[in-house]
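Below is data01.cif, holding mmCIF, C-alpha atoms and all ligand atoms.
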data_upload
#
loop_
_atom_site.label_atom_id
_atom_site.label_comp_id
_atom_site.auth_asym_id
_atom_site.auth_seq_id
_atom_site.Cartn_x
_atom_site.Cartn_y
_atom_site.Cartn_z
CA MET A 891 11.79 77.80 -17.71
CA ALA A 892 14.62 80.33 -18.14
CA SER A 893 12.68 82.16 -20.83
CA VAL A 894 9.66 82.46 -18.49
CA ILE A 895 11.87 83.99 -15.76
CA PHE A 896 13.40 86.35 -18.33
CA LEU A 897 9.94 87.38 -19.49
CA LEU A 898 8.85 88.08 -15.89
CA TRP A 899 12.05 90.07 -15.29
CA CYS A 900 11.37 92.13 -18.43
CA LEU A 901 7.80 92.79 -17.30
CA LEU A 902 9.00 93.85 -13.84
CA ALA A 903 11.70 96.10 -15.30
CA SER A 904 9.27 97.76 -17.67
CA PHE A 905 6.77 98.22 -14.81
CA GLU A 906 9.46 99.90 -12.70
CA ALA A 907 10.52 102.06 -15.61
CA ALA A 908 6.90 103.13 -16.17
CA TYR A 909 5.86 103.69 -12.57
CA GLY A 910 9.17 104.12 -10.70
CA ALA A 911 10.47 102.14 -7.74
CA ASP A 912 8.77 102.50 -4.37
CA SER A 913 10.61 104.38 -1.61
CA GLY A 914 9.88 101.58 0.85
CA CYS A 915 7.67 103.96 2.84
CA GLY A 916 4.88 104.19 0.22
CA GLY A 917 5.17 106.60 -2.68
CA PRO A 918 7.89 106.84 -5.30
CA ARG A 919 11.58 106.57 -4.58
CA GLU A 920 12.50 109.16 -7.17
CA LEU A 921 11.13 112.68 -6.75
CA THR A 922 11.59 114.66 -9.95
CA ALA A 923 8.94 117.38 -9.60
CA ASP A 924 9.98 120.96 -8.76
CA SER A 925 8.50 120.55 -5.30
CA GLY A 926 6.99 117.76 -3.27
CA THR A 927 6.50 116.05 0.04
CA PHE A 928 7.38 112.66 1.48
CA SER A 929 7.23 110.98 4.86
CA SER A 930 8.04 107.84 6.80
CA ALA A 931 5.63 104.93 6.34
CA ASN A 932 2.19 105.32 7.98
CA TYR A 933 3.00 108.87 9.15
CA PRO A 934 1.71 110.13 11.61
CA SER A 935 0.99 106.60 12.83
CA PRO A 936 4.08 104.72 14.02
CA TYR A 937 6.49 103.48 11.38
CA PRO A 938 7.12 99.70 11.05
CA ALA A 939 10.11 98.03 12.69
CA ASN A 940 13.26 97.15 10.74
CA LEU A 941 12.35 99.47 7.90
CA THR A 942 14.61 101.04 5.31
CA CYS A 943 13.25 103.66 2.92
CA GLU A 944 15.08 105.88 0.46
CA TRP A 945 14.28 108.85 -1.70
CA LEU A 946 16.23 110.47 -4.47
CA ILE A 947 15.31 114.10 -5.00
CA SER A 948 16.45 114.76 -8.54
CA PRO A 949 14.88 117.95 -9.89
CA GLY A 950 17.14 118.14 -12.92
CA PRO A 951 20.51 119.67 -13.82
CA GLY A 952 21.40 123.11 -12.51
CA LYS A 953 18.66 123.24 -9.90
CA VAL A 954 18.96 124.26 -6.26
CA THR A 955 16.94 122.25 -3.75
CA MET A 956 15.75 123.28 -0.31
CA LEU A 957 14.77 120.37 1.95
CA GLN A 958 12.76 120.97 5.11
CA PHE A 959 11.56 118.56 7.78
CA THR A 960 8.07 119.66 8.77
CA ALA A 961 7.85 117.19 11.67
CA ILE A 962 10.29 114.79 13.24
CA GLN A 963 9.33 112.28 15.90
CA ILE A 964 11.92 109.57 15.39
CA GLU A 965 13.25 107.50 18.30
CA GLY A 966 16.32 109.23 19.69
CA GLY A 967 19.15 108.19 21.93
CA PHE A 968 20.04 109.22 25.45
CA ARG A 969 22.69 111.74 24.41
CA PRO A 970 22.03 114.88 22.38
CA GLY A 971 23.34 114.75 18.83
CA GLU A 972 23.12 110.97 18.53
CA CYS A 973 20.54 108.79 16.80
CA PRO A 974 21.61 105.24 17.64
CA TYR A 975 18.27 103.52 16.93
CA ASP A 976 16.12 105.07 14.22
CA SER A 977 17.13 107.97 11.97
CA VAL A 978 16.63 109.85 8.75
CA THR A 979 19.94 110.58 7.02
CA VAL A 980 20.44 113.18 4.30
CA TYR A 981 23.23 112.87 1.71
CA ASP A 982 24.59 115.39 -0.73
CA GLY A 983 24.39 113.65 -4.14
CA GLY A 984 22.54 110.81 -5.77
CA ASP A 985 23.31 108.02 -3.28
CA ALA A 986 24.68 107.18 0.14
CA SER A 987 28.29 107.52 -1.06
CA GLY A 988 27.92 111.30 -1.00
CA PRO A 989 28.79 113.39 2.06
CA SER A 990 26.22 113.09 4.86
CA ARG A 991 24.52 116.30 5.96
CA GLY A 992 23.41 114.59 9.13
CA ALA A 993 21.44 111.74 10.70
CA TYR A 994 18.37 113.11 12.43
CA CYS A 995 16.00 111.99 15.17
CA MET A 996 14.48 113.51 18.30
CA THR A 997 17.88 113.90 19.94
CA ASN A 998 19.38 115.43 16.81
CA VAL A 999 16.77 117.66 15.22
CA PRO A 1000 17.57 118.89 11.69
CA PRO A 1001 18.10 122.60 10.95
CA PRO A 1002 15.07 124.56 9.60
CA ASP A 1003 16.25 124.03 6.03
CA LEU A 1004 18.98 122.27 4.09
CA VAL A 1005 20.08 123.63 0.71
CA PHE A 1006 21.68 121.50 -2.02
CA PHE A 1007 23.11 122.02 -5.49
CA GLY A 1008 22.13 118.90 -7.44
CA ASP A 1009 20.62 115.63 -6.24
CA VAL A 1010 19.67 114.82 -2.65
CA PHE A 1011 19.52 111.30 -1.24
CA VAL A 1012 17.48 110.59 1.90
CA VAL A 1013 17.44 107.32 3.87
CA PHE A 1014 15.16 106.42 6.76
CA THR A 1015 15.90 103.38 8.93
CA SER A 1016 14.20 101.93 11.99
CA ASP A 1017 15.41 99.20 14.30
CA ASP A 1018 13.38 96.36 15.80
CA ARG A 1019 11.51 98.25 18.55
CA ASN A 1020 10.10 101.53 19.86
CA ALA A 1021 8.39 102.80 16.76
CA MET A 1022 7.25 106.43 16.74
CA PRO A 1023 5.23 108.66 14.36
CA GLY A 1024 8.28 109.33 12.17
CA PHE A 1025 8.82 112.36 9.96
CA SER A 1026 7.34 114.40 7.18
CA ALA A 1027 9.41 116.51 4.82
CA CYS A 1028 8.94 118.82 1.88
CA TYR A 1029 11.26 120.24 -0.72
CA SER A 1030 11.25 123.09 -3.20
CA THR A 1031 13.59 123.91 -6.06
CA SER A 1032 14.72 126.88 -8.10
CA THR A 1033 17.08 127.78 -10.88
CA PRO A 1034 20.05 129.92 -9.75
CA PRO A 1035 20.55 132.71 -8.99
CA SER A 1036 17.10 132.65 -7.37
CA LEU A 1037 16.80 130.62 -4.19
CA PRO A 1038 13.96 128.18 -3.55
CA THR A 1039 10.92 129.49 -1.71
CA PRO A 1040 10.65 127.60 1.57
CA CYS A 1041 7.93 124.97 1.40
CA ASP A 1042 7.37 125.17 5.14
CA ASN A 1043 7.87 128.14 7.44
CA GLY A 1044 7.35 126.26 10.67
CA GLY A 1045 10.48 124.16 10.62
CA PRO A 1046 10.79 121.03 12.75
CA GLN A 1047 8.60 121.06 15.82
CA PRO A 1048 10.42 120.84 19.16
CA PRO A 1049 10.64 117.18 20.13
CA THR A 1050 8.43 115.69 22.76
CA LEU A 1051 10.40 113.11 24.67
CA PRO A 1052 8.88 109.63 24.57
CA PRO A 1053 6.98 108.46 27.63
CA LEU A 1054 8.56 105.90 29.91
CA ARG A 1055 8.14 102.37 28.71
CA PRO A 1056 5.55 100.41 30.69
CA VAL A 1057 6.99 98.20 33.40
CA THR A 1058 4.13 95.71 33.03
CA ALA A 1059 5.17 94.56 29.56
CA TRP A 1060 8.16 92.32 29.00
CA VAL A 1061 10.84 94.48 27.47
CA GLU A 1062 14.24 93.22 26.37
CA SER A 1063 17.16 95.03 28.00
CA GLY A 1064 19.13 95.33 24.76
CA CYS A 1065 21.86 93.15 26.27
CA GLY A 1066 19.87 89.88 26.26
CA GLY A 1067 17.35 89.10 28.97
CA PRO A 1068 14.64 91.30 30.43
CA ARG A 1069 14.93 95.01 31.11
CA ASP A 1070 12.78 94.79 34.24
CA LEU A 1071 14.35 92.92 37.12
CA SER A 1072 12.74 92.33 40.48
CA GLY A 1073 12.79 89.97 43.42
CA PRO A 1074 15.22 89.40 46.26
CA SER A 1075 18.24 89.02 43.96
CA GLY A 1076 19.28 88.82 40.35
CA SER A 1077 22.05 89.49 37.87
CA PHE A 1078 22.64 90.99 34.44
CA SER A 1079 25.58 91.76 32.18
CA SER A 1080 26.67 93.56 29.05
CA LEU A 1081 25.91 91.78 25.78
CA GLN A 1082 28.23 88.84 25.05
CA HIS A 1083 30.10 89.34 28.35
CA PRO A 1084 32.89 88.31 28.95
CA THR A 1085 33.64 88.71 25.25
CA THR A 1086 33.64 92.27 23.89
CA TYR A 1087 30.41 94.20 23.72
CA PRO A 1088 29.12 95.64 20.40
CA HIS A 1089 29.60 99.21 19.22
CA SER A 1090 26.82 101.81 19.09
CA HIS A 1091 24.72 99.82 21.49
CA HIS A 1092 22.24 100.74 24.20
CA CYS A 1093 20.97 98.61 27.06
CA GLU A 1094 18.89 99.45 30.10
CA TRP A 1095 17.64 97.77 33.24
CA LEU A 1096 15.13 98.76 35.87
CA ILE A 1097 15.56 96.98 39.20
CA THR A 1098 12.58 97.03 41.53
CA VAL A 1099 12.54 95.51 45.01
CA ASP A 1100 9.73 95.16 47.55
CA PRO A 1101 8.29 98.32 49.11
CA GLY A 1102 10.36 99.52 52.03
CA MET A 1103 13.49 97.73 50.80
CA VAL A 1104 16.48 99.19 48.95
CA VAL A 1105 18.55 97.86 46.05
CA THR A 1106 22.23 97.05 46.50
CA LEU A 1107 24.11 96.72 43.23
CA THR A 1108 27.52 95.09 42.89
CA PHE A 1109 29.67 94.96 39.78
CA ASP A 1110 31.36 91.54 39.81
CA ALA A 1111 33.42 92.27 36.70
CA PHE A 1112 33.96 95.63 35.02
CA ASP A 1113 35.90 96.70 31.94
CA VAL A 1114 34.34 99.51 29.91
CA GLU A 1115 36.38 101.64 27.49
CA HIS A 1116 38.17 104.22 29.60
CA HIS A 1117 37.72 107.92 29.01
CA ASP A 1118 38.27 110.79 31.44
CA THR A 1119 34.63 111.84 31.33
CA CYS A 1120 33.25 108.40 30.35
CA SER A 1121 31.84 110.00 27.22
CA ARG A 1122 32.65 107.03 24.96
CA ASP A 1123 31.23 103.93 26.59
CA SER A 1124 29.61 104.19 29.99
CA VAL A 1125 27.37 102.68 32.60
CA LEU A 1126 24.98 105.16 34.19
CA VAL A 1127 23.17 104.38 37.43
CA TYR A 1128 20.14 106.43 38.49
CA ASP A 1129 18.59 106.46 41.96
CA GLY A 1130 15.01 105.76 40.88
CA PRO A 1131 12.82 104.59 37.99
CA ASN A 1132 14.25 106.66 35.11
CA THR A 1133 16.77 109.22 33.92
CA SER A 1134 14.87 111.99 35.74
CA SER A 1135 15.94 110.35 38.99
CA GLY A 1136 19.23 111.48 40.53
CA LEU A 1137 22.35 110.24 38.75
CA ILE A 1138 24.38 108.19 41.23
CA GLY A 1139 27.32 107.80 38.89
CA GLU A 1140 28.59 107.39 35.35
CA TYR A 1141 31.20 104.69 35.13
CA CYS A 1142 33.91 103.53 32.74
CA GLY A 1143 37.43 102.14 32.94
CA ASN A 1144 38.50 98.83 34.43
CA VAL A 1145 37.99 99.45 38.13
CA PRO A 1146 34.60 98.13 39.26
CA PRO A 1147 32.45 100.84 40.81
CA ARG A 1148 32.01 100.44 44.53
CA ARG A 1149 28.78 98.85 45.68
CA ILE A 1150 25.80 101.07 44.97
CA VAL A 1151 22.81 101.39 47.28
CA SER A 1152 19.54 103.00 46.22
CA SER A 1153 17.60 105.35 48.45
CA GLY A 1154 14.27 103.84 47.37
CA GLU A 1155 12.93 100.69 45.78
CA GLN A 1156 14.37 101.18 42.30
CA LEU A 1157 17.61 101.59 40.40
CA TYR A 1158 17.76 102.41 36.70
CA ILE A 1159 20.89 101.40 34.80
CA ILE A 1160 21.93 102.38 31.28
CA PHE A 1161 24.84 101.01 29.27
CA ASN A 1162 25.81 102.99 26.17
CA THR A 1163 28.65 102.33 23.76
CA ASP A 1164 30.05 104.49 20.97
CA ASN A 1165 31.23 103.40 17.53
CA ALA A 1166 34.81 102.36 18.34
CA ASN A 1167 36.91 100.48 20.93
CA ALA A 1168 35.11 97.81 22.89
CA SER A 1169 36.12 96.03 26.08
CA THR A 1170 34.73 92.99 27.85
CA GLY A 1171 31.98 94.92 29.63
CA PHE A 1172 30.54 94.00 32.98
CA SER A 1173 28.49 91.63 35.01
CA ALA A 1174 26.47 92.88 37.94
CA SER A 1175 24.24 91.43 40.61
CA PHE A 1176 21.70 93.00 42.90
CA LEU A 1177 20.14 92.20 46.23
CA SER A 1178 17.12 93.50 48.01
CA ALA A 1179 18.20 94.79 51.41
CA ASP A 1180 16.62 96.20 54.52
CA PRO A 1181 17.74 99.86 54.63
CA SER A 1182 18.43 99.71 58.37
CA GLN A 1183 20.89 96.85 57.78
CA VAL A 1184 22.58 98.66 54.91
CA THR A 1185 23.18 101.73 57.08
CA ASP A 1186 24.91 99.54 59.64
CA LEU A 1187 27.29 97.94 57.16
CA PRO A 1188 31.00 98.83 57.46
CA THR A 1189 32.47 101.13 54.85
CA THR A 1190 35.66 101.09 52.82
CA ALA A 1191 37.17 103.79 50.68
CA THR A 1192 37.95 103.02 47.04
CA SER A 1193 39.34 104.96 44.10
CA ARG A 1194 36.92 107.35 42.49
CA SER A 1195 39.02 107.91 39.37
CA HIS A 1196 36.54 106.02 37.18
CA VAL A 1197 33.53 107.79 38.60
CA THR A 1198 32.63 110.86 36.63
CA THR A 1199 29.46 112.75 35.87
CA ALA A 1200 28.36 113.79 32.42
CA ASP A 1201 30.06 117.18 32.87
CA GLY A 1202 33.30 115.56 33.98
CA SER A 1203 33.15 116.42 37.68
CA HIS A 1204 33.61 113.72 40.25
CA LEU A 1205 30.76 112.36 42.29
CA THR A 1206 30.82 111.35 45.90
CA GLN A 1207 29.16 108.04 46.43
CA ARG A 1208 27.49 106.34 49.31
CA PRO A 1209 29.68 103.98 51.34
CA MET A 1210 30.57 100.57 50.02
CA THR A 1211 30.28 97.51 52.17
CA ASP A 1212 33.03 95.18 53.20
CA ARG A 1213 33.22 92.24 50.81
CA THR A 1214 32.85 89.53 53.47
CA THR A 1215 29.80 91.16 55.00
CA GLU A 1216 28.31 91.39 51.56
CA GLU A 1217 28.83 87.67 50.89
CA SER A 1218 27.18 86.75 54.16
CA THR A 1219 24.07 88.73 53.29
CA ARG A 1220 23.66 86.99 49.95
CA PRO A 1221 21.03 84.27 49.69
CA ALA A 1222 21.97 80.75 48.58
CA GLY A 1223 22.43 80.31 44.80
CA GLY A 1224 22.34 83.22 42.36
CA ALA A 1225 25.21 85.53 43.00
CA ARG A 1226 26.87 83.04 45.29
CA SER A 1227 27.25 80.36 42.62
CA SER A 1228 30.61 81.72 41.40
CA PHE A 1229 32.04 81.31 44.90
CA GLN A 1230 30.76 77.72 45.01
CA ALA A 1231 32.18 77.00 41.55
CA THR A 1232 35.63 78.17 42.68
CA HIS A 1233 35.34 75.97 45.75
CA ILE A 1234 34.41 72.88 43.70
CA ALA A 1235 37.23 73.57 41.22
CA TRP A 1236 39.74 73.67 44.07
CA MET A 1237 38.44 70.39 45.46
CA LEU A 1238 38.78 68.77 42.00
CA VAL A 1239 42.38 70.00 41.63
CA MET A 1240 43.25 68.72 45.10
CA GLY A 1241 41.65 65.36 44.21
CA ILE A 1242 43.72 65.01 41.01
CA VAL A 1243 46.94 65.91 42.89
CA TRP A 1244 46.09 63.32 45.53
CA MET A 1245 45.52 60.63 42.81
CA PHE A 1246 48.93 61.40 41.23
CA LEU A 1247 50.68 61.16 44.58
CA TRP A 1248 49.24 57.68 45.00
CA CA A 1301 13.23 102.14 17.00
CA CA A 1302 33.64 102.31 22.65
#

Do you think you could lay out the structure here as structure tokens?
Ligand SMILES: [Ca+2]
Ligand SMILES: [Ca+2]
Amino acid sequence: MASVIFLLWCLLASFEAAYGADSGCGGPRELTADSGTFSSANYPSPYPANLTCEWLISPGPGKVTMLQFTAIQIEGGFRPGECPYDSVTVYDGGDASGPSRGAYCMTNVPPPDLVFFGDVFVVFTSDDRNAMPGFSACYSTSTPPSLPTPCDNGGPQPPTLPPLRPVTAWVESGCGGPRDLSGPSGSFSSLQHPTTYPHSHHCEWLITVDPGMVVTLTFDAFDVEHHDTCSRDSVLVYDGPNTSSGLIGEYCGNVPPRRIVSSGEQLYIIFNTDNANASTGFSASFLSADPSQVTDLPTTATSRSHVTTADGSHLTQRPMTDRTTEESTRPAGGARSSFQATHIAWMLVMGIVWMFLW
């Protein structure tokens, strides 16, 4: 049996030696010609989910290599310069232990050309959703002192931002549970809340209430890594269906934002985390409300120290309601269950005390 396995292993090894390993995206992993092209799998059709591909550009000793991305349509993040989901990463040297020249996607477009002395290692990865056309790249080489002739003069095309995801399909929020929330009330929270949320994570929710109603959003618990401009981890709330809608606030720190009221039927919420320092996150609940009733609600002033916009300036928010009024407007169940649980717990404690006294 062992000899059969050894024989198969030998056959496989000799096959790889003869034909070269696959990049994982179709085509060889090792590119040894003086010039060539490669691309993400299926390009320009969408790349598969959970894919890892790698290429080693190894033109031989003493060569200079120029690498150019001729197209890049890789899922980007919500902040420029970051590629939290899918990316193509370029390393100086023969493997990923070399210095990274950058991780690229639609929110971090590569420069027109990258020049290397020696080997170049390229890795493409995709996560489990939102596949896009991907990338195509070409490279050319030369022997110093002459520089490589560019293989492409166009450079990366300006990115076209992806269209909004359809509301009709069931989409996961990224924090467990659906992205699209509707109805008279509901709740959602950061992933793993109340234990710490993961790093480099993105979640989003779109709350939609009946026509003519508005959304009221309350943060029941809130602890998101503090930063003066909330540029590390943050919760962003938009007054409408997407990020083109007005930004109501960007929130971090451990003071829950005051109650938020939409001007229309939708609120869009994003939760982004960076690659270090996590807190317990948040839980939030929403209610559909009649706008005339919301206008009549009493207001209270709260600290705005945790409320900052992307450029660091403070935002003025709409009034927050008095807590008791808010409770009375909540329907039975749902958001009210925590209040009932506290009540039951107190009754149990009182019951045990009473039994001991007897
Ligand atoms: Ca993706
Ligand atoms: Ca963080």

* Asked: Can you tell me how far CA of Ser1153 in chain A sits from CA of Gly967 in chain A, in Å to one decimal?
  ->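 According to the coordinates, CA of Ser1153 in chain A and CA of Gly967 in chain A are separated by 26.7 Å.
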
Would you list the residues that come within 7 Å of ligand CA 1302 (chain A)? Count only C-alpha atoms and all ligand atoms and give the answer as a compact mmCIF listing (two decimals) with C-alpha atoms, in the frame of the given file.
# COMPACT_ATOMS: atom_id res chain seq x y z
CA HIS A 1089 29.60 99.21 19.22
CA GLU A 1115 36.38 101.64 27.49
CA ARG A 1122 32.65 107.03 24.96
CA ASP A 1123 31.23 103.93 26.59
CA THR A 1163 28.65 102.33 23.76
CA ASP A 1164 30.05 104.49 20.97
CA ASN A 1165 31.23 103.40 17.53
CA ALA A 1166 34.81 102.36 18.34
CA ASN A 1167 36.91 100.48 20.93
CA ALA A 1168 35.11 97.81 22.89

* Distance filter 10 Å around ligand CA 1301 (chain A), atoms: only C-alpha atoms and all ligand atoms, out as a PyMOL selection string -> chain A and resi 936-941+964-967+973-977+1015-1022+1024

* Of the residues A:Ser1175, A:Ser1026, A:Thr979, A:Ser990, which is the one nearest to Ala931 in chain A, using all atoms listed in the file? ->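 Selected residue with least distance to Ala931 in chain A: A:Ser1026.
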
* Among the residues A:Asp1118, A:Asp1003, A:Asp1110, A:Asp1129, the one that comes closest to Pro1147 in chain A [using only C-alpha atoms] ->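 Checking each of A:Asp1118, A:Asp1003, A:Asp1110, A:Asp1129 against Pro1147 in chain A, counting only C-alpha atoms, the winner is A:Asp1110.
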
* **Counting all atoms listed in the file, the residue of A:Phe1109, A:Tyr1087, A:Phe1011, A:Phe1176 that sits nearest Pro1074 in chain A** =>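 Smallest distance to Pro1074 in chain A is found for A:Phe1176.
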
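For Ser1077 in chain A, the residues within 12 Å (counting all atoms listed in the file, excluding itself and residues fewer than 6 positions away along the chain) are Gly1066, Gly1067, Pro1068, Arg1069, Asp1070, Leu1071, Trp1095, Leu1096, Ile1097, Thr1106, Leu1107, Thr1108, Phe1109, Asp1110, Ala1111, Phe1172, Ser1173, Ala1174, Ser1175, Phe1176, Leu1177, Ser1178, Gly1223, Gly1224, Ala1225, Arg1226 and Ser1227 of chain A.
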
Export, as a PDB file, in the frame of the given file, the selected residues with C-alpha atoms.
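Output file part-v9.pdb follows:
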ATOM      1  CA  GLY A1066      19.870  89.880  26.260  1.00  0.00           C
ATOM      2  CA  GLY A1067      17.350  89.100  28.970  1.00  0.00           C
ATOM      3  CA  PRO A1068      14.640  91.300  30.430  1.00  0.00           C
ATOM      4  CA  ARG A1069      14.930  95.010  31.110  1.00  0.00           C
ATOM      5  CA  ASP A1070      12.780  94.790  34.240  1.00  0.00           C
ATOM      6  CA  LEU A1071      14.350  92.920  37.120  1.00  0.00           C
ATOM      7  CA  TRP A1095      17.640  97.770  33.240  1.00  0.00           C
ATOM      8  CA  LEU A1096      15.130  98.760  35.870  1.00  0.00           C
ATOM      9  CA  ILE A1097      15.560  96.980  39.200  1.00  0.00           C
ATOM     10  CA  THR A1106      22.230  97.050  46.500  1.00  0.00           C
ATOM     11  CA  LEU A1107      24.110  96.720  43.230  1.00  0.00           C
ATOM     12  CA  THR A1108      27.520  95.090  42.890  1.00  0.00           C
ATOM     13  CA  PHE A1109      29.670  94.960  39.780  1.00  0.00           C
ATOM     14  CA  ASP A1110      31.360  91.540  39.810  1.00  0.00           C
ATOM     15  CA  ALA A1111      33.420  92.270  36.700  1.00  0.00           C
ATOM     16  CA  PHE A1172      30.540  94.000  32.980  1.00  0.00           C
ATOM     17  CA  SER A1173      28.490  91.630  35.010  1.00  0.00           C
ATOM     18  CA  ALA A1174      26.470  92.880  37.940  1.00  0.00           C
ATOM     19  CA  SER A1175      24.240  91.430  40.610  1.00  0.00           C
ATOM     20  CA  PHE A1176      21.700  93.000  42.900  1.00  0.00           C
ATOM     21  CA  LEU A1177      20.140  92.200  46.230  1.00  0.00           C
ATOM     22  CA  SER A1178      17.120  93.500  48.010  1.00  0.00           C
ATOM     23  CA  GLY A1223      22.430  80.310  44.800  1.00  0.00           C
ATOM     24  CA  GLY A1224      22.340  83.220  42.360  1.00  0.00           C
ATOM     25  CA  ALA A1225      25.210  85.530  43.000  1.00  0.00           C
ATOM     26  CA  ARG A1226      26.870  83.040  45.290  1.00  0.00           C
ATOM     27  CA  SER A1227      27.250  80.360  42.620  1.00  0.00           C
TER      28      SER A1227
END

* Work out how far CA of Gly916 in chain A is from CA of Phe1007 in chain A, in Å to one decimal. => 26.1 Å

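Candidate residues A:Asp982, A:Asp1113, A:Glu1155, A:Asp912 were compared for distance to Met956 in chain A, and the nearest is A:Asp982, using all atoms listed in the file.
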